[in-house]
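Source file: target_9.pdb. Holds: PDB, C-alpha atoms.
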```pdb
ATOM      1  CA  MET A   1      -8.102  -0.695  10.756
ATOM      2  CA  LEU A   2     -11.545  -1.419   9.382
ATOM      3  CA  TYR A   3     -10.588  -5.008   8.733
ATOM      4  CA  THR A   4      -9.149  -5.676  12.188
ATOM      5  CA  SER A   5     -12.007  -3.826  13.907
ATOM      6  CA  VAL A   6     -14.693  -5.904  12.208
ATOM      7  CA  LEU A   7     -12.724  -9.126  12.724
ATOM      8  CA  GLY A   8     -12.354  -8.254  16.405
ATOM      9  CA  VAL A   9     -16.096  -7.722  16.766
ATOM     10  CA  LEU A  10     -16.854 -10.956  14.910
ATOM     11  CA  THR A  11     -14.412 -12.906  17.061
ATOM     12  CA  GLY A  12     -15.825 -11.409  20.268
ATOM     13  CA  VAL A  13     -19.448 -12.071  19.304
ATOM     14  CA  LEU A  14     -18.804 -15.584  18.061
ATOM     15  CA  GLU A  15     -17.318 -17.057  21.235
ATOM     16  CA  ASP A  16     -20.592 -18.803  22.073
ATOM     17  CA  ASN A  17     -21.850 -19.175  18.490
ATOM     18  CA  ASP A  18     -20.890 -21.237  15.473
ATOM     19  CA  ALA A  19     -17.962 -19.379  13.843
ATOM     20  CA  ALA A  20     -18.549 -21.073  10.499
ATOM     21  CA  SER A  21     -21.819 -19.190  10.023
ATOM     22  CA  TYR A  22     -19.858 -15.983   9.368
ATOM     23  CA  VAL A  23     -17.259 -17.344   6.932
ATOM     24  CA  PRO A  24     -18.888 -15.675   3.886
ATOM     25  CA  LEU A  25     -18.921 -12.330   5.719
ATOM     26  CA  ARG A  26     -15.230 -12.708   6.556
ATOM     27  CA  TRP A  27     -14.360 -13.495   2.916
ATOM     28  CA  VAL A  28     -16.420 -10.543   1.645
ATOM     29  CA  LEU A  29     -14.730  -8.249   4.181
ATOM     30  CA  TYR A  30     -11.309  -9.588   3.142
ATOM     31  CA  GLY A  31     -11.936  -9.120  -0.596
ATOM     32  CA  GLY A  32     -13.604  -5.741  -0.094
ATOM     33  CA  CYS A  33     -10.617  -4.470   1.882
ATOM     34  CA  ILE A  34      -8.228  -5.566  -0.882
ATOM     35  CA  LEU A  35     -10.307  -3.586  -3.390
ATOM     36  CA  ALA A  36     -10.532  -0.641  -0.985
ATOM     37  CA  THR A  37      -6.739  -0.670  -0.630
ATOM     38  CA  ALA A  38      -6.268  -0.420  -4.402
ATOM     39  CA  LEU A  39      -8.956   2.241  -4.720
ATOM     40  CA  ALA A  40      -7.640   4.351  -1.834
ATOM     41  CA  LEU A  41      -4.090   4.310  -3.172
ATOM     42  CA  ASN A  42      -5.143   5.363  -6.665
ATOM     43  CA  VAL A  43      -7.614   8.026  -5.484
ATOM     44  CA  THR A  44      -4.926   9.496  -3.222
ATOM     45  CA  TYR A  45      -2.508   9.538  -6.157
ATOM     46  CA  VAL A  46      -4.997  11.331  -8.408
ATOM     47  CA  PHE A  47      -5.845  13.970  -5.791
ATOM     48  CA  THR A  48      -2.179  14.529  -4.947
ATOM     49  CA  ARG A  49      -1.325  14.883  -8.631
ATOM     50  CA  VAL A  50      -4.149  17.406  -9.188
ATOM     51  CA  GLN A  51      -3.037  19.371  -6.132
ATOM     52  CA  ARG A  52       0.588  19.453  -7.362
ATOM     53  CA  LYS A  53      -0.480  20.806 -10.744
ATOM     54  CA  GLY A  54      -2.289  23.753  -9.132
ATOM     55  CA  GLU A  55       0.588  24.805  -6.864
ATOM     56  CA  PRO A  56       3.003  27.558  -7.943
ATOM     57  CA  GLU A  57       6.577  26.528  -8.698
ATOM     58  CA  ASN A  58       8.262  28.743  -6.083
ATOM     59  CA  ARG A  59       6.232  28.308  -2.939
ATOM     60  CA  GLY A  60       7.263  30.411   0.025
ATOM     61  CA  THR A  61       9.115  33.118  -1.896
ATOM     62  CA  ASN A  62       8.167  36.759  -1.668
ATOM     63  CA  ASP A  63       8.435  38.409  -5.080
ATOM     64  CA  ASN A  64       8.078  41.915  -3.600
ATOM     65  CA  LEU A  65      11.478  41.851  -1.887
ATOM     66  CA  PRO A  66      14.691  42.343  -3.879
ATOM     67  CA  PRO A  67      17.234  39.532  -3.626
ATOM     68  CA  ILE A  68      20.080  40.154  -1.196
ATOM     69  CA  ALA A  69      22.664  38.313  -3.250
ATOM     70  CA  PRO A  70      22.536  36.305  -6.431
ATOM     71  CA  PRO A  71      21.724  32.693  -5.703
ATOM     72  CA  ALA A  72      24.647  30.302  -5.592
ATOM     73  CA  PRO A  73      24.733  27.714  -8.356
ATOM     74  CA  ALA A  74      23.258  24.411  -7.345
ATOM     75  CA  PRO A  75      25.766  21.613  -6.832
ATOM     76  CA  GLN A  76      25.813  19.114  -9.646
ATOM     77  CA  PRO A  77      24.805  15.605  -8.539
ATOM     78  CA  ALA A  78      27.155  12.743  -9.263
ATOM     79  CA  GLN A  79      26.292  10.857 -12.413
ATOM     80  CA  PRO A  80      25.000   7.348 -11.700
ATOM     81  CA  SER A  81      26.915   4.454 -13.197
ATOM     82  CA  GLU A  82      23.715   3.084 -14.744
ATOM     83  CA  PRO A  83      21.099   5.268 -16.351
ATOM     84  CA  ALA A  84      18.259   5.827 -13.881
ATOM     85  CA  ASP A  85      14.607   6.289 -14.656
ATOM     86  CA  ASP A  86      14.526  10.117 -14.717
ATOM     87  CA  LYS A  87      10.831  10.316 -15.454
ATOM     88  CA  PRO A  88       9.222  12.274 -12.613
ATOM     89  CA  ARG A  89       6.306  10.613 -10.866
ATOM     90  CA  ALA A  90       3.940  13.447 -11.803
ATOM     91  CA  GLN A  91       4.332  12.504 -15.475
ATOM     92  CA  GLU A  92       3.851   8.787 -14.949
ATOM     93  CA  GLY A  93       0.620   6.888 -15.191
ATOM     94  CA  MET A  94      -1.192   5.399 -12.266
ATOM     95  CA  PRO A  95       1.006   3.814  -9.553
ATOM     96  CA  VAL A  96       0.711   0.215 -10.701
ATOM     97  CA  ALA A  97       3.725  -1.096  -8.785
ATOM     98  CA  GLU A  98       2.605   0.542  -5.560
ATOM     99  CA  THR A  99      -0.957  -0.710  -5.997
ATOM    100  CA  VAL A 100       0.133  -4.294  -6.631
ATOM    101  CA  MET A 101       2.522  -4.180  -3.669
ATOM    102  CA  ALA A 102      -0.141  -2.783  -1.329
ATOM    103  CA  CYS A 103      -2.746  -5.334  -2.444
ATOM    104  CA  VAL A 104      -0.382  -8.299  -2.151
ATOM    105  CA  SER A 105       0.783  -7.102   1.256
ATOM    106  CA  PHE A 106      -2.783  -6.759   2.496
ATOM    107  CA  ALA A 107      -3.773 -10.087   0.954
ATOM    108  CA  VAL A 108      -1.078 -11.934   2.895
ATOM    109  CA  TRP A 109      -1.539  -9.978   6.111
ATOM    110  CA  GLY A 110      -5.322 -10.249   5.909
ATOM    111  CA  LEU A 111      -5.088 -14.033   5.918
ATOM    112  CA  VAL A 112      -2.551 -14.421   8.727
ATOM    113  CA  VAL A 113      -4.136 -11.979  11.191
ATOM    114  CA  PRO A 114      -6.066 -13.828  13.931
ATOM    115  CA  GLY A 115      -9.787 -13.965  13.235
ATOM    116  CA  SER A 116      -9.366 -14.058   9.449
ATOM    117  CA  PRO A 117     -11.268 -16.581   7.322
ATOM    118  CA  LEU A 118      -8.209 -18.818   7.442
ATOM    119  CA  TYR A 119      -8.562 -19.152  11.212
ATOM    120  CA  VAL A 120     -12.139 -20.378  10.809
ATOM    121  CA  ILE A 121     -11.467 -22.835   7.989
ATOM    122  CA  LEU A 122      -8.231 -24.390   9.278
ATOM    123  CA  GLN A 123      -7.527 -25.969  12.654
ATOM    124  CA  PRO A 124      -4.251 -26.794  14.413
ATOM    125  CA  PRO A 125      -1.825 -28.306  13.510
ATOM    126  CA  THR A 126      -2.485 -27.157   9.925
ATOM    127  CA  LEU A 127      -3.266 -23.516  10.796
ATOM    128  CA  PRO A 128       0.144 -22.513  12.249
ATOM    129  CA  VAL A 129       1.973 -24.198   9.378
ATOM    130  CA  VAL A 130      -0.116 -22.364   6.750
ATOM    131  CA  VAL A 131       0.200 -19.027   8.604
ATOM    132  CA  ALA A 132       4.001 -19.406   8.839
ATOM    133  CA  ALA A 133       4.272 -20.429   5.182
ATOM    134  CA  LEU A 134       2.100 -17.519   4.018
ATOM    135  CA  SER A 135       4.069 -15.054   6.143
ATOM    136  CA  ALA A 136       7.399 -16.315   4.799
ATOM    137  CA  ALA A 137       6.197 -16.421   1.193
ATOM    138  CA  GLY A 138       4.610 -12.977   1.434
ATOM    139  CA  THR A 139       7.770 -11.464   2.895
ATOM    140  CA  PHE A 140       9.895 -13.117   0.199
ATOM    141  CA  VAL A 141       7.646 -11.890  -2.625
ATOM    142  CA  ALA A 142       7.564  -8.359  -1.200
ATOM    143  CA  ALA A 143      11.321  -8.182  -0.638
ATOM    144  CA  VAL A 144      12.609  -9.990  -3.711
ATOM    145  CA  VAL A 145       9.978  -9.467  -6.387
ATOM    146  CA  PHE A 146       8.257  -6.159  -5.694
ATOM    147  CA  ALA A 147      10.882  -4.096  -3.830
ATOM    148  CA  PRO A 148      13.181  -3.766  -6.886
ATOM    149  CA  TRP A 149      10.146  -2.848  -8.995
ATOM    150  CA  LEU A 150       9.481   0.072  -6.644
ATOM    151  CA  ASN A 151      13.073   1.346  -6.832
ATOM    152  CA  ARG A 152      12.779   4.454  -8.999
ATOM    153  CA  ASN A 153      13.221   8.187  -8.612
ATOM    154  CA  ALA A 154      10.635  10.037  -6.563
TER
END
```
Using structure tokens, write down the structure that the file contains.
Amino acid sequence: MLYTSVLGVLTGVLEDNDAASYVPLRWVLYGGCILATALALNVTYVFTRVQRKGEPENRGTNDNLPPIAPPAPAPQPAQPSEPADDKPRAQEGMPVAETVMACVSFAVWGLVVPGSPLYVILQPPTLPVVVAALSAAGTFVAAVVFAPWLNRNA
């Protein structure tokens, strides 16, 4: 939202002015938002992990009341045909796959959104071709390259 808000203000202010004078600001905003995306994702992960460690195992149970009946055994899940990554997320390192995916997604989106530095540097007929190519390539990379990398147990 920060990115689109600032781009919207820049675009609105620059209608009567030379748009090229703000190209460095647009690139700094673009790069800063990519870094902020990576930072926000990792900070959220760290705080969520710390919060999970401090929570009791059986939340919502009242130990003062006797059980009414013994608990039923949990159903056994079907065994997967291929061994899955059974390592819980809480024991993993930082979310590298998620961070890379978020940064690549923002990098592509940040260039194709109207008002981005790309819209100042390029002019039609080159601009729509580059925007379409970036959108297609970004979608392909996200769906084919990174999506399988993210497929692991939660």
Could you give me, as a ChimeraX atom specification, the residues that have an atom at most 9 Å away from the point (-7.9, -10.3, 20.4) in the coordinates of the file, using only C-alpha atoms?
/A:8,11-12,114-115
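Interatomic distance, CA of Leu35 in chain A to CA of Met101 in chain A: 12.8 Å.
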What separation in Å, quoted to one decimal, exists between CA of Phe47 in chain A and CA of Val100 in chain A?
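These two atoms are separated by 19.2 Å.
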Shortest interatomic distance to Val28 in chain A - which of A:Leu41, A:Leu7, A:Val113, A:Val130, counting all atoms listed in the file:
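Among A:Leu41, A:Leu7, A:Val113, A:Val130, it is A:Leu7 that comes nearest to Val28 in chain A.
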What's the 8 Å shell around Thr37 in chain A, counting all atoms listed in the file, without same-chain residues fewer than 4 positions away, as a count of residues only?
6
Using CA of Ala133 in chain A and CA of Val108 in chain A as the two end points, give the distance in Å to one decimal.
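These two atoms are separated by 10.3 Å.
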With distances taken over only C-alpha atoms, the candidate from A:Tyr30, A:Val104, A:Leu118, A:Trp109 nearest Ala142 in chain A is A:Val104
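Comparing A:Pro128, A:Pro95, A:Pro117, A:Gly110 by their smallest distance to Met1 in chain A, the closest is A:Gly110 (using only C-alpha atoms).
Each of A:Ser105, A:Val6, A:Gln123, A:Val131 was compared to Ala147 in chain A using only C-alpha atoms, and A:Ser105 turns out to be the nearest.
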Rank nothing, just name the residue among A:Ala107, A:Ala36, A:Val9, A:Val43 nearest to Thr139 in chain A, using only C-alpha atoms.
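Checking each candidate against Thr139 in chain A, we get A:Ala107 as the closest.
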Generate N, CA, C and O atoms for range 31-42 of chain A and emit them as an mmCIF file, in the frame of the given file.
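This is the output file out39.cif:
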```
data_model
loop_
_atom_site.group_PDB
_atom_site.id
_atom_site.type_symbol
_atom_site.label_atom_id
_atom_site.label_comp_id
_atom_site.auth_asym_id
_atom_site.auth_seq_id
_atom_site.Cartn_x
_atom_site.Cartn_y
_atom_site.Cartn_z
ATOM 1 N N GLY A 31 -12.009 -9.557 0.806
ATOM 2 C CA GLY A 31 -11.936 -9.120 -0.596
ATOM 3 C C GLY A 31 -12.259 -7.645 -0.758
ATOM 4 O O GLY A 31 -11.615 -6.935 -1.545
ATOM 5 N N GLY A 32 -13.246 -7.163 -0.022
ATOM 6 C CA GLY A 32 -13.604 -5.741 -0.094
ATOM 7 C C GLY A 32 -12.469 -4.839 0.372
ATOM 8 O O GLY A 32 -12.242 -3.762 -0.191
ATOM 9 N N CYS A 33 -11.743 -5.280 1.392
ATOM 10 C CA CYS A 33 -10.617 -4.470 1.882
ATOM 11 C C CYS A 33 -9.447 -4.474 0.896
ATOM 12 O O CYS A 33 -8.721 -3.480 0.793
ATOM 13 N N ILE A 34 -9.266 -5.565 0.165
ATOM 14 C CA ILE A 34 -8.228 -5.566 -0.882
ATOM 15 C C ILE A 34 -8.603 -4.550 -1.964
ATOM 16 O O ILE A 34 -7.767 -3.750 -2.393
ATOM 17 N N LEU A 35 -9.850 -4.564 -2.387
ATOM 18 C CA LEU A 35 -10.307 -3.586 -3.390
ATOM 19 C C LEU A 35 -10.226 -2.164 -2.848
ATOM 20 O O LEU A 35 -9.837 -1.233 -3.568
ATOM 21 N N ALA A 36 -10.601 -1.971 -1.589
ATOM 22 C CA ALA A 36 -10.532 -0.641 -0.985
ATOM 23 C C ALA A 36 -9.097 -0.140 -0.901
ATOM 24 O O ALA A 36 -8.836 1.058 -1.065
ATOM 25 N N THR A 37 -8.156 -1.045 -0.665
ATOM 26 C CA THR A 37 -6.739 -0.670 -0.630
ATOM 27 C C THR A 37 -6.296 -0.142 -1.991
ATOM 28 O O THR A 37 -5.661 0.919 -2.088
ATOM 29 N N ALA A 38 -6.637 -0.857 -3.046
ATOM 30 C CA ALA A 38 -6.268 -0.420 -4.402
ATOM 31 C C ALA A 38 -6.951 0.899 -4.747
ATOM 32 O O ALA A 38 -6.323 1.812 -5.292
ATOM 33 N N LEU A 39 -8.207 1.019 -4.420
ATOM 34 C CA LEU A 39 -8.956 2.241 -4.720
ATOM 35 C C LEU A 39 -8.397 3.433 -3.952
ATOM 36 O O LEU A 39 -8.182 4.502 -4.522
ATOM 37 N N ALA A 40 -8.151 3.253 -2.661
ATOM 38 C CA ALA A 40 -7.640 4.351 -1.834
ATOM 39 C C ALA A 40 -6.284 4.838 -2.322
ATOM 40 O O ALA A 40 -6.029 6.050 -2.387
ATOM 41 N N LEU A 41 -5.416 3.917 -2.695
ATOM 42 C CA LEU A 41 -4.090 4.310 -3.172
ATOM 43 C C LEU A 41 -4.188 5.115 -4.464
ATOM 44 O O LEU A 41 -3.545 6.150 -4.616
ATOM 45 N N ASN A 42 -5.019 4.667 -5.385
ATOM 46 C CA ASN A 42 -5.143 5.363 -6.665
ATOM 47 C C ASN A 42 -5.893 6.687 -6.539
ATOM 48 O O ASN A 42 -5.530 7.663 -7.196
#
```
